>>> print(open('work.pdb').read())   # PDB, C-alpha atoms, pLDDT in the B column
ATOM      1  CA  ASP W  19     138.570  74.470  75.772  1.00 65.00           C
ATOM      2  CA  PHE W  20     139.045  77.055  78.503  1.00 75.00           C
ATOM      3  CA  PRO W  21     136.709  80.026  77.903  1.00 87.00           C
ATOM      4  CA  GLY W  22     138.397  83.318  78.668  1.00 87.00           C
ATOM      5  CA  ILE W  23     141.820  81.703  79.108  1.00 87.00           C
ATOM      6  CA  PRO W  24     144.332  82.446  76.331  1.00 89.00           C
ATOM      7  CA  VAL W  25     146.019  79.395  74.844  1.00 90.00           C
ATOM      8  CA  ARG W  26     149.347  79.420  73.018  1.00 91.00           C
ATOM      9  CA  TRP W  27     150.869  76.586  70.998  1.00 93.00           C
ATOM     10  CA  ALA W  28     154.560  75.737  70.879  1.00 95.00           C
ATOM     11  CA  PHE W  29     156.369  72.819  69.282  1.00 94.00           C
ATOM     12  CA  THR W  30     159.376  71.108  70.856  1.00 93.00           C
ATOM     13  CA  SER W  31     160.479  69.526  67.580  1.00 90.00           C
ATOM     14  CA  GLY W  32     162.552  71.636  65.213  1.00 90.00           C
ATOM     15  CA  ILE W  33     161.729  69.188  62.421  1.00 90.00           C
ATOM     16  CA  ILE W  34     157.988  69.710  62.921  1.00 91.00           C
ATOM     17  CA  ARG W  35     158.428  73.501  63.070  1.00 94.00           C
ATOM     18  CA  SER W  36     160.371  73.353  59.776  1.00 95.00           C
ATOM     19  CA  ARG W  37     157.753  71.194  58.081  1.00 94.00           C
ATOM     20  CA  LEU W  38     154.952  73.485  59.221  1.00 95.00           C
ATOM     21  CA  ALA W  39     156.935  76.510  58.020  1.00 95.00           C
ATOM     22  CA  ASP W  40     157.261  74.836  54.602  1.00 96.00           C
ATOM     23  CA  GLU W  41     153.443  74.691  54.574  1.00 97.00           C
ATOM     24  CA  GLY W  42     153.284  78.405  55.397  1.00 96.00           C
ATOM     25  CA  LYS W  43     152.269  77.826  59.022  1.00 95.00           C
ATOM     26  CA  LYS W  44     154.102  79.928  61.586  1.00 92.00           C
ATOM     27  CA  THR W  45     154.889  78.157  64.857  1.00 94.00           C
ATOM     28  CA  ASP W  46     156.827  78.943  68.011  1.00 95.00           C
ATOM     29  CA  SER W  47     159.485  76.996  69.859  1.00 95.00           C
ATOM     30  CA  VAL W  48     158.911  76.672  73.598  1.00 95.00           C
ATOM     31  CA  SER W  49     161.455  79.390  74.388  1.00 92.00           C
ATOM     32  CA  LYS W  50     159.915  81.758  71.838  1.00 94.00           C
ATOM     33  CA  ALA W  51     156.396  81.139  73.182  1.00 95.00           C
ATOM     34  CA  LEU W  52     157.598  81.739  76.744  1.00 94.00           C
ATOM     35  CA  GLY W  53     159.240  85.001  75.660  1.00 92.00           C
ATOM     36  CA  ARG W  54     156.099  86.178  73.880  1.00 93.00           C
ATOM     37  CA  MET W  55     153.907  85.361  76.871  1.00 94.00           C
ATOM     38  CA  TRP W  56     156.250  87.186  79.239  1.00 92.00           C
ATOM     39  CA  PHE W  57     156.262  90.197  76.896  1.00 93.00           C
ATOM     40  CA  GLU W  58     152.431  90.111  76.803  1.00 93.00           C
ATOM     41  CA  GLY W  59     152.353  90.368  80.609  1.00 93.00           C
ATOM     42  CA  PHE W  60     151.439  86.844  81.668  1.00 93.00           C
ATOM     43  CA  SER W  61     152.497  85.978  85.220  1.00 92.00           C
ATOM     44  CA  HIS W  62     151.181  82.396  85.572  1.00 93.00           C
ATOM     45  CA  LEU W  63     151.570  79.479  83.154  1.00 93.00           C
ATOM     46  CA  ALA W  64     150.035  76.049  82.869  1.00 94.00           C
ATOM     47  CA  VAL W  65     151.846  74.128  80.116  1.00 95.00           C
ATOM     48  CA  GLN W  66     150.330  70.859  78.932  1.00 95.00           C
ATOM     49  CA  SER W  67     152.624  68.512  77.098  1.00 93.00           C
ATOM     50  CA  LEU W  68     151.127  66.551  74.212  1.00 94.00           C
ATOM     51  CA  HIS W  69     154.023  64.077  74.246  1.00 93.00           C
ATOM     52  CA  VAL W  70     153.217  60.372  74.536  1.00 94.00           C
ATOM     53  CA  VAL W  71     156.159  59.361  76.737  1.00 93.00           C
ATOM     54  CA  PRO W  72     158.349  61.283  79.185  1.00 93.00           C
ATOM     55  CA  GLY W  73     161.319  61.369  76.796  1.00 90.00           C
ATOM     56  CA  ALA W  74     164.060  63.823  75.914  1.00 90.00           C
ATOM     57  CA  GLU W  75     161.812  66.480  74.367  1.00 91.00           C
ATOM     58  CA  TYR W  76     159.512  66.375  77.400  1.00 94.00           C
ATOM     59  CA  SER W  77     162.521  66.701  79.727  1.00 94.00           C
ATOM     60  CA  ASP W  78     163.716  69.705  77.712  1.00 94.00           C
ATOM     61  CA  LEU W  79     160.238  71.253  77.937  1.00 95.00           C
ATOM     62  CA  VAL W  80     160.162  70.864  81.724  1.00 95.00           C
ATOM     63  CA  GLU W  81     163.655  72.373  82.005  1.00 93.00           C
ATOM     64  CA  GLN W  82     162.728  75.368  79.846  1.00 93.00           C
ATOM     65  CA  VAL W  83     159.540  76.091  81.785  1.00 94.00           C
ATOM     66  CA  GLN W  84     161.226  75.637  85.170  1.00 92.00           C
ATOM     67  CA  SER W  85     164.044  77.987  84.171  1.00 90.00           C
ATOM     68  CA  ALA W  86     161.431  80.665  83.357  1.00 90.00           C
ATOM     69  CA  ALA W  87     159.881  80.480  86.855  1.00 89.00           C
ATOM     70  CA  CYS W  88     160.857  83.359  89.135  1.00 87.00           C
ATOM     71  CA  ASP W  89     163.734  82.928  91.513  1.00 80.00           C
ATOM     72  CA  PRO W  90     162.580  84.763  94.676  1.00 77.00           C
ATOM     73  CA  GLY W  91     166.158  85.753  95.497  1.00 74.00           C
ATOM     74  CA  THR W  92     166.949  87.532  92.229  1.00 77.00           C
ATOM     75  CA  GLY W  93     163.563  88.320  90.677  1.00 73.00           C
ATOM     76  CA  LEU W  94     164.853  86.769  87.472  1.00 74.00           C
ATOM     77  CA  GLY W  95     163.966  83.461  85.903  1.00 74.00           C
ATOM     78  CA  LYS W  96     165.777  80.541  87.528  1.00 80.00           C
ATOM     79  CA  GLY W  97     167.777  80.230  84.330  1.00 72.00           C
ATOM     80  CA  GLY W  98     169.118  83.738  84.981  1.00 73.00           C
ATOM     81  CA  GLN W  99     167.167  85.310  82.116  1.00 75.00           C
ATOM     82  CA  GLU W 100     164.854  88.296  82.301  1.00 82.00           C
ATOM     83  CA  ILE W 101     161.769  86.135  81.677  1.00 85.00           C
ATOM     84  CA  CYS W 102     160.191  85.462  85.043  1.00 89.00           C
ATOM     85  CA  PHE W 103     156.775  83.877  85.661  1.00 92.00           C
ATOM     86  CA  GLN W 104     155.394  83.857  89.206  1.00 91.00           C
ATOM     87  CA  LYS W 105     154.074  80.336  88.705  1.00 92.00           C
ATOM     88  CA  ALA W 106     154.855  77.889  85.906  1.00 92.00           C
ATOM     89  CA  LEU W 107     153.539  74.323  85.870  1.00 94.00           C
ATOM     90  CA  VAL W 108     153.969  71.515  83.326  1.00 96.00           C
ATOM     91  CA  GLY W 109     151.427  68.720  82.863  1.00 96.00           C
ATOM     92  CA  ALA W 110     152.659  65.180  82.308  1.00 96.00           C
ATOM     93  CA  PRO W 111     152.675  63.327  78.968  1.00 96.00           C
ATOM     94  CA  LEU W 112     150.115  60.625  78.142  1.00 95.00           C
ATOM     95  CA  LEU W 113     152.151  57.695  79.482  1.00 95.00           C
ATOM     96  CA  ALA W 114     153.902  59.420  82.378  1.00 94.00           C
ATOM     97  CA  GLU W 115     153.176  56.664  84.898  1.00 91.00           C
ATOM     98  CA  GLU W 116     152.788  52.907  84.686  1.00 89.00           C
ATOM     99  CA  SER W 117     149.183  53.353  85.759  1.00 91.00           C
ATOM    100  CA  ASP W 118     148.497  55.334  82.554  1.00 95.00           C
ATOM    101  CA  VAL W 119     149.412  52.427  80.288  1.00 96.00           C
ATOM    102  CA  GLU W 120     146.341  50.216  80.839  1.00 96.00           C
ATOM    103  CA  GLN W 121     143.916  53.059  80.178  1.00 96.00           C
ATOM    104  CA  ALA W 122     145.796  54.125  77.028  1.00 97.00           C
ATOM    105  CA  ALA W 123     145.866  50.531  75.728  1.00 97.00           C
ATOM    106  CA  LYS W 124     142.114  50.211  76.226  1.00 97.00           C
ATOM    107  CA  GLY W 125     141.685  53.485  74.337  1.00 97.00           C
ATOM    108  CA  VAL W 126     143.752  52.204  71.403  1.00 96.00           C
ATOM    109  CA  ILE W 127     141.767  48.945  71.256  1.00 97.00           C
ATOM    110  CA  ALA W 128     138.460  50.854  71.386  1.00 96.00           C
ATOM    111  CA  HIS W 129     139.488  52.953  68.371  1.00 96.00           C
ATOM    112  CA  LEU W 130     140.772  50.269  66.018  1.00 95.00           C
ATOM    113  CA  PRO W 131     139.254  50.397  62.520  1.00 90.00           C
ATOM    114  CA  GLU W 132     135.751  48.925  62.381  1.00 91.00           C
ATOM    115  CA  GLY W 133     136.501  47.172  59.085  1.00 92.00           C
ATOM    116  CA  ARG W 134     139.445  45.224  60.525  1.00 94.00           C
ATOM    117  CA  THR W 135     139.192  41.581  59.503  1.00 94.00           C
ATOM    118  CA  PRO W 136     139.900  38.682  61.894  1.00 91.00           C
ATOM    119  CA  GLY W 137     143.621  37.945  61.984  1.00 93.00           C
ATOM    120  CA  GLN W 138     144.576  41.355  60.571  1.00 95.00           C
ATOM    121  CA  PRO W 139     147.503  42.890  62.484  1.00 94.00           C
ATOM    122  CA  VAL W 140     147.658  46.559  63.451  1.00 95.00           C
ATOM    123  CA  ILE W 141     150.860  48.515  63.976  1.00 95.00           C
ATOM    124  CA  CYS W 142     150.740  51.776  65.921  1.00 95.00           C
ATOM    125  CA  MET W 143     153.748  54.017  65.315  1.00 93.00           C
ATOM    126  CA  GLY W 144     155.347  56.316  67.855  1.00 91.00           C
ATOM    127  CA  HIS W 145     158.289  58.670  67.638  1.00 87.00           C
ATOM    128  CA  GLY W 146     160.514  56.854  70.125  1.00 87.00           C
ATOM    129  CA  THR W 147     163.519  58.211  71.953  1.00 86.00           C
ATOM    130  CA  TRP W 148     166.879  57.111  73.312  1.00 86.00           C
ATOM    131  CA  HIS W 149     165.808  58.611  76.647  1.00 87.00           C
ATOM    132  CA  GLY W 150     164.753  56.238  79.465  1.00 87.00           C
ATOM    133  CA  GLY W 151     161.119  57.273  78.904  1.00 88.00           C
ATOM    134  CA  ASP W 152     161.166  55.041  75.800  1.00 89.00           C
ATOM    135  CA  SER W 153     160.411  52.083  78.096  1.00 92.00           C
ATOM    136  CA  ARG W 154     156.776  53.257  78.274  1.00 94.00           C
ATOM    137  CA  TYR W 155     156.408  52.070  74.675  1.00 93.00           C
ATOM    138  CA  ASP W 156     157.430  48.601  75.870  1.00 94.00           C
ATOM    139  CA  ASP W 157     154.850  48.792  78.653  1.00 95.00           C
ATOM    140  CA  LEU W 158     152.172  49.836  76.165  1.00 96.00           C
ATOM    141  CA  ALA W 159     153.165  47.087  73.715  1.00 95.00           C
ATOM    142  CA  TRP W 160     152.927  44.461  76.460  1.00 96.00           C
ATOM    143  CA  GLU W 161     149.488  45.690  77.561  1.00 97.00           C
ATOM    144  CA  LEU W 162     148.196  45.848  73.982  1.00 97.00           C
ATOM    145  CA  ALA W 163     149.460  42.317  73.297  1.00 96.00           C
ATOM    146  CA  ARG W 164     147.597  41.146  76.395  1.00 97.00           C
ATOM    147  CA  LEU W 165     144.368  42.687  75.067  1.00 97.00           C
ATOM    148  CA  ASP W 166     144.906  41.796  71.397  1.00 97.00           C
ATOM    149  CA  PRO W 167     148.064  39.906  70.329  1.00 96.00           C
ATOM    150  CA  LEU W 168     147.786  41.330  66.801  1.00 96.00           C
ATOM    151  CA  VAL W 169     148.184  44.959  67.890  1.00 96.00           C
ATOM    152  CA  HIS W 170     151.818  46.082  67.912  1.00 96.00           C
ATOM    153  CA  ILE W 171     153.779  49.206  68.849  1.00 95.00           C
ATOM    154  CA  ALA W 172     156.756  50.378  66.816  1.00 94.00           C
ATOM    155  CA  THR W 173     158.799  53.582  66.923  1.00 93.00           C
ATOM    156  CA  MET W 174     161.054  55.484  64.550  1.00 89.00           C
ATOM    157  CA  ASP W 175     163.798  55.747  67.184  1.00 87.00           C
ATOM    158  CA  GLY W 176     164.556  53.957  70.420  1.00 87.00           C
ATOM    159  CA  ALA W 177     164.469  50.274  71.312  1.00 87.00           C
ATOM    160  CA  ARG W 178     161.211  49.230  69.594  1.00 89.00           C
ATOM    161  CA  THR W 179     161.640  50.130  65.919  1.00 90.00           C
ATOM    162  CA  ILE W 180     159.519  48.856  63.057  1.00 91.00           C
ATOM    163  CA  HIS W 181     162.220  46.240  62.339  1.00 89.00           C
ATOM    164  CA  HIS W 182     161.457  44.550  65.661  1.00 85.00           C
ATOM    165  CA  VAL W 183     157.759  44.380  64.852  1.00 87.00           C
ATOM    166  CA  LEU W 184     158.241  43.091  61.302  1.00 85.00           C
ATOM    167  CA  GLU W 185     160.248  40.142  62.600  1.00 75.00           C
TER     168      GLU W 185
END
>>> encode(input="work.pdb", output="structure tokens")
Amino acid sequence: DFPGIPVRWAFTSGIIRSRLADEGKKTDSVSKALGRMWFEGFSHLAVQSLHVVPGAEYSDLVEQVQSAACDPGTGLGKGGQEICFQKALVGAPLLAEESDVEQAAKGVIAHLPEGRTPGQPVICMGHGTWHGGDSRYDDLAWELARLDPLVHIATMDGARTIHHVLE
């Protein structure tokens, strides 16, 4: 919470925006949120990704924010559009660096269900991606297995799908 600092939400996933719309919840894409903030007179942005890995959607987010930063030579956004923020920064996803993996694994282990019986496996699901950032799921799976061999990571897409875990 940042008292006095306006916060805007945007969703990178069109699927999630559609599902929320079906529930009657209005959401913005990143480009729409950037446009609204520019229209409202914002000049500086700090965008915090809530992605788990630095995958394709995170890369797209970074590209969109960077293209909305002012180009000193033209006074336009670097993408050539009218939207132009004096400063625009993007925070990294949860598992941006290898050093983030151990801390995240410890956090997962600390929050496993209290009623878990000995020998009961746990599968944590992620979205996954065909982007190179998907390898962070492998790093997390390895670290979790080191801490508790019955805790597994699976994803809907990418190299570590549920089929690999079920085997």
>>> closest_residue(input="work.pdb", among="W:Ile127, W:Val71, W:Leu112, W:Ala106", to="Gly146 (chain W)", atoms="all atoms listed in the file")
W:Val71
>>> atom_distance(input="work.pdb", atom1="CA of Lys43 (chain W)", atom2="CA of Ser31 (chain W)")
14.5 Å
>>> resolve_selection(input="work.pdb", expression="the PyMOL selection byres ((chain W and resi 174) around 10)", output="VMD selection string")
chain W and resid 143 to 147 172 to 173 175 to 181
>>> resolve_selection(input="work.pdb", expression="the PyMOL selection byres ((chain W and resi 157) around 12)", output="JSON, numbers by chain")
{"W": [71, 113, 114, 115, 116, 117, 118, 119, 120, 121, 122, 123, 151, 152, 153, 154, 155, 156, 158, 159, 160, 161, 162, 163, 164, 170, 171, 178]}
>>> atom_distance(input="work.pdb", atom1="CA of Lys105 (chain W)", atom2="CA of His62 (chain W)")
4.7 Å
>>> resolve_selection(input="work.pdb", expression="the PyMOL selection byres ((chain W and resi 102) around 6)", output="PyMOL selection string")
chain W and resi 86-88+94-95+101+103
>>> decode(input="work.pdb", residues="region 27-66 of chain W", atoms="N, CA and C atoms", output="PDB file, in the first residue's frame")
ATOM      1  N   TRP W  27      -4.502  -1.018 -12.086  1.00  0.00           N
ATOM      2  CA  TRP W  27      -4.297  -2.431 -12.416  1.00  0.00           C
ATOM      3  C   TRP W  27      -4.460  -2.617 -13.917  1.00  0.00           C
ATOM      4  N   ALA W  28      -3.635  -3.494 -14.473  1.00  0.00           N
ATOM      5  CA  ALA W  28      -3.762  -3.885 -15.874  1.00  0.00           C
ATOM      6  C   ALA W  28      -3.426  -5.366 -15.956  1.00  0.00           C
ATOM      7  N   PHE W  29      -4.010  -6.046 -16.904  1.00  0.00           N
ATOM      8  CA  PHE W  29      -3.790  -7.477 -17.070  1.00  0.00           C
ATOM      9  C   PHE W  29      -3.168  -7.743 -18.436  1.00  0.00           C
ATOM     10  N   THR W  30      -2.082  -8.505 -18.457  1.00  0.00           N
ATOM     11  CA  THR W  30      -1.411  -8.821 -19.713  1.00  0.00           C
ATOM     12  C   THR W  30      -2.146  -9.905 -20.490  1.00  0.00           C
ATOM     13  N   SER W  31      -2.910 -10.720 -19.820  1.00  0.00           N
ATOM     14  CA  SER W  31      -3.579 -11.855 -20.451  1.00  0.00           C
ATOM     15  C   SER W  31      -4.967 -11.487 -20.963  1.00  0.00           C
ATOM     16  N   GLY W  32      -5.151 -11.635 -22.269  1.00  0.00           N
ATOM     17  CA  GLY W  32      -6.469 -11.412 -22.860  1.00  0.00           C
ATOM     18  C   GLY W  32      -7.492 -12.407 -22.335  1.00  0.00           C
ATOM     19  N   ILE W  33      -7.064 -13.623 -22.079  1.00  0.00           N
ATOM     20  CA  ILE W  33      -7.968 -14.653 -21.548  1.00  0.00           C
ATOM     21  C   ILE W  33      -8.489 -14.225 -20.181  1.00  0.00           C
ATOM     22  N   ILE W  34      -7.601 -13.741 -19.319  1.00  0.00           N
ATOM     23  CA  ILE W  34      -8.022 -13.309 -17.984  1.00  0.00           C
ATOM     24  C   ILE W  34      -8.953 -12.098 -18.086  1.00  0.00           C
ATOM     25  N   ARG W  35      -8.626 -11.149 -18.970  1.00  0.00           N
ATOM     26  CA  ARG W  35      -9.507  -9.987 -19.144  1.00  0.00           C
ATOM     27  C   ARG W  35     -10.894 -10.428 -19.601  1.00  0.00           C
ATOM     28  N   SER W  36     -10.959 -11.405 -20.500  1.00  0.00           N
ATOM     29  CA  SER W  36     -12.255 -11.917 -20.982  1.00  0.00           C
ATOM     30  C   SER W  36     -13.032 -12.597 -19.873  1.00  0.00           C
ATOM     31  N   ARG W  37     -12.342 -13.408 -19.082  1.00  0.00           N
ATOM     32  CA  ARG W  37     -13.028 -14.099 -17.977  1.00  0.00           C
ATOM     33  C   ARG W  37     -13.548 -13.111 -16.946  1.00  0.00           C
ATOM     34  N   LEU W  38     -12.754 -12.098 -16.622  1.00  0.00           N
ATOM     35  CA  LEU W  38     -13.211 -11.084 -15.682  1.00  0.00           C
ATOM     36  C   LEU W  38     -14.378 -10.293 -16.256  1.00  0.00           C
ATOM     37  N   ALA W  39     -14.349 -10.017 -17.545  1.00  0.00           N
ATOM     38  CA  ALA W  39     -15.459  -9.306 -18.193  1.00  0.00           C
ATOM     39  C   ALA W  39     -16.736 -10.143 -18.105  1.00  0.00           C
ATOM     40  N   ASP W  40     -16.616 -11.461 -18.269  1.00  0.00           N
ATOM     41  CA  ASP W  40     -17.772 -12.345 -18.150  1.00  0.00           C
ATOM     42  C   ASP W  40     -18.380 -12.288 -16.754  1.00  0.00           C
ATOM     43  N   GLU W  41     -17.550 -11.947 -15.765  1.00  0.00           N
ATOM     44  CA  GLU W  41     -18.016 -11.808 -14.374  1.00  0.00           C
ATOM     45  C   GLU W  41     -18.472 -10.373 -14.080  1.00  0.00           C
ATOM     46  N   GLY W  42     -18.484  -9.529 -15.113  1.00  0.00           N
ATOM     47  CA  GLY W  42     -18.908  -8.150 -14.942  1.00  0.00           C
ATOM     48  C   GLY W  42     -17.839  -7.234 -14.382  1.00  0.00           C
ATOM     49  N   LYS W  43     -16.580  -7.677 -14.410  1.00  0.00           N
ATOM     50  CA  LYS W  43     -15.478  -6.877 -13.879  1.00  0.00           C
ATOM     51  C   LYS W  43     -14.708  -6.255 -15.040  1.00  0.00           C
ATOM     52  N   LYS W  44     -14.654  -4.933 -15.045  1.00  0.00           N
ATOM     53  CA  LYS W  44     -13.958  -4.221 -16.113  1.00  0.00           C
ATOM     54  C   LYS W  44     -12.467  -4.168 -15.795  1.00  0.00           C
ATOM     55  N   THR W  45     -11.640  -4.497 -16.770  1.00  0.00           N
ATOM     56  CA  THR W  45     -10.194  -4.475 -16.587  1.00  0.00           C
ATOM     57  C   THR W  45      -9.542  -3.806 -17.795  1.00  0.00           C
ATOM     58  N   ASP W  46      -8.317  -3.352 -17.594  1.00  0.00           N
ATOM     59  CA  ASP W  46      -7.564  -2.734 -18.679  1.00  0.00           C
ATOM     60  C   ASP W  46      -6.434  -3.638 -19.139  1.00  0.00           C
ATOM     61  N   SER W  47      -6.106  -3.547 -20.421  1.00  0.00           N
ATOM     62  CA  SER W  47      -4.862  -4.103 -20.937  1.00  0.00           C
ATOM     63  C   SER W  47      -3.765  -3.131 -20.522  1.00  0.00           C
ATOM     64  N   VAL W  48      -2.522  -3.522 -20.695  1.00  0.00           N
ATOM     65  CA  VAL W  48      -1.409  -2.634 -20.358  1.00  0.00           C
ATOM     66  C   VAL W  48      -1.468  -1.373 -21.209  1.00  0.00           C
ATOM     67  N   SER W  49      -1.681  -1.528 -22.512  1.00  0.00           N
ATOM     68  CA  SER W  49      -1.696  -0.346 -23.385  1.00  0.00           C
ATOM     69  C   SER W  49      -2.844   0.592 -23.028  1.00  0.00           C
ATOM     70  N   LYS W  50      -3.998   0.035 -22.674  1.00  0.00           N
ATOM     71  CA  LYS W  50      -5.129   0.883 -22.297  1.00  0.00           C
ATOM     72  C   LYS W  50      -4.841   1.606 -20.980  1.00  0.00           C
ATOM     73  N   ALA W  51      -4.255   0.923 -20.014  1.00  0.00           N
ATOM     74  CA  ALA W  51      -3.914   1.557 -18.742  1.00  0.00           C
ATOM     75  C   ALA W  51      -2.885   2.667 -18.945  1.00  0.00           C
ATOM     76  N   LEU W  52      -1.892   2.416 -19.797  1.00  0.00           N
ATOM     77  CA  LEU W  52      -0.890   3.445 -20.080  1.00  0.00           C
ATOM     78  C   LEU W  52      -1.554   4.668 -20.716  1.00  0.00           C
ATOM     79  N   GLY W  53      -2.456   4.446 -21.650  1.00  0.00           N
ATOM     80  CA  GLY W  53      -3.163   5.543 -22.303  1.00  0.00           C
ATOM     81  C   GLY W  53      -3.998   6.349 -21.319  1.00  0.00           C
ATOM     82  N   ARG W  54      -4.685   5.653 -20.429  1.00  0.00           N
ATOM     83  CA  ARG W  54      -5.504   6.350 -19.425  1.00  0.00           C
ATOM     84  C   ARG W  54      -4.623   7.189 -18.499  1.00  0.00           C
ATOM     85  N   MET W  55      -3.506   6.618 -18.080  1.00  0.00           N
ATOM     86  CA  MET W  55      -2.627   7.341 -17.154  1.00  0.00           C
ATOM     87  C   MET W  55      -2.014   8.566 -17.834  1.00  0.00           C
ATOM     88  N   TRP W  56      -1.659   8.431 -19.086  1.00  0.00           N
ATOM     89  CA  TRP W  56      -1.125   9.577 -19.834  1.00  0.00           C
ATOM     90  C   TRP W  56      -2.202  10.660 -19.943  1.00  0.00           C
ATOM     91  N   PHE W  57      -3.422  10.249 -20.274  1.00  0.00           N
ATOM     92  CA  PHE W  57      -4.537  11.187 -20.393  1.00  0.00           C
ATOM     93  C   PHE W  57      -4.812  11.897 -19.067  1.00  0.00           C
ATOM     94  N   GLU W  58      -4.631  11.185 -17.949  1.00  0.00           N
ATOM     95  CA  GLU W  58      -4.866  11.750 -16.616  1.00  0.00           C
ATOM     96  C   GLU W  58      -3.718  12.649 -16.154  1.00  0.00           C
ATOM     97  N   GLY W  59      -2.647  12.731 -16.948  1.00  0.00           N
ATOM     98  CA  GLY W  59      -1.570  13.672 -16.637  1.00  0.00           C
ATOM     99  C   GLY W  59      -0.396  13.104 -15.855  1.00  0.00           C
ATOM    100  N   PHE W  60      -0.300  11.797 -15.762  1.00  0.00           N
ATOM    101  CA  PHE W  60       0.849  11.202 -15.077  1.00  0.00           C
ATOM    102  C   PHE W  60       2.108  11.406 -15.923  1.00  0.00           C
ATOM    103  N   SER W  61       3.235  11.644 -15.270  1.00  0.00           N
ATOM    104  CA  SER W  61       4.490  11.821 -15.993  1.00  0.00           C
ATOM    105  C   SER W  61       5.525  10.752 -15.633  1.00  0.00           C
ATOM    106  N   HIS W  62       5.330  10.074 -14.498  1.00  0.00           N
ATOM    107  CA  HIS W  62       6.269   9.060 -14.018  1.00  0.00           C
ATOM    108  C   HIS W  62       5.497   7.788 -13.665  1.00  0.00           C
ATOM    109  N   LEU W  63       6.043   6.646 -14.072  1.00  0.00           N
ATOM    110  CA  LEU W  63       5.400   5.358 -13.811  1.00  0.00           C
ATOM    111  C   LEU W  63       6.358   4.403 -13.117  1.00  0.00           C
ATOM    112  N   ALA W  64       5.825   3.643 -12.199  1.00  0.00           N
ATOM    113  CA  ALA W  64       6.525   2.488 -11.643  1.00  0.00           C
ATOM    114  C   ALA W  64       5.557   1.324 -11.821  1.00  0.00           C
ATOM    115  N   VAL W  65       5.889   0.404 -12.695  1.00  0.00           N
ATOM    116  CA  VAL W  65       5.025  -0.739 -13.018  1.00  0.00           C
ATOM    117  C   VAL W  65       5.612  -1.973 -12.342  1.00  0.00           C
ATOM    118  N   GLN W  66       4.793  -2.651 -11.538  1.00  0.00           N
ATOM    119  CA  GLN W  66       5.275  -3.867 -10.888  1.00  0.00           C
ATOM    120  C   GLN W  66       4.568  -5.072 -11.478  1.00  0.00           C
TER     121      GLN W  66
END
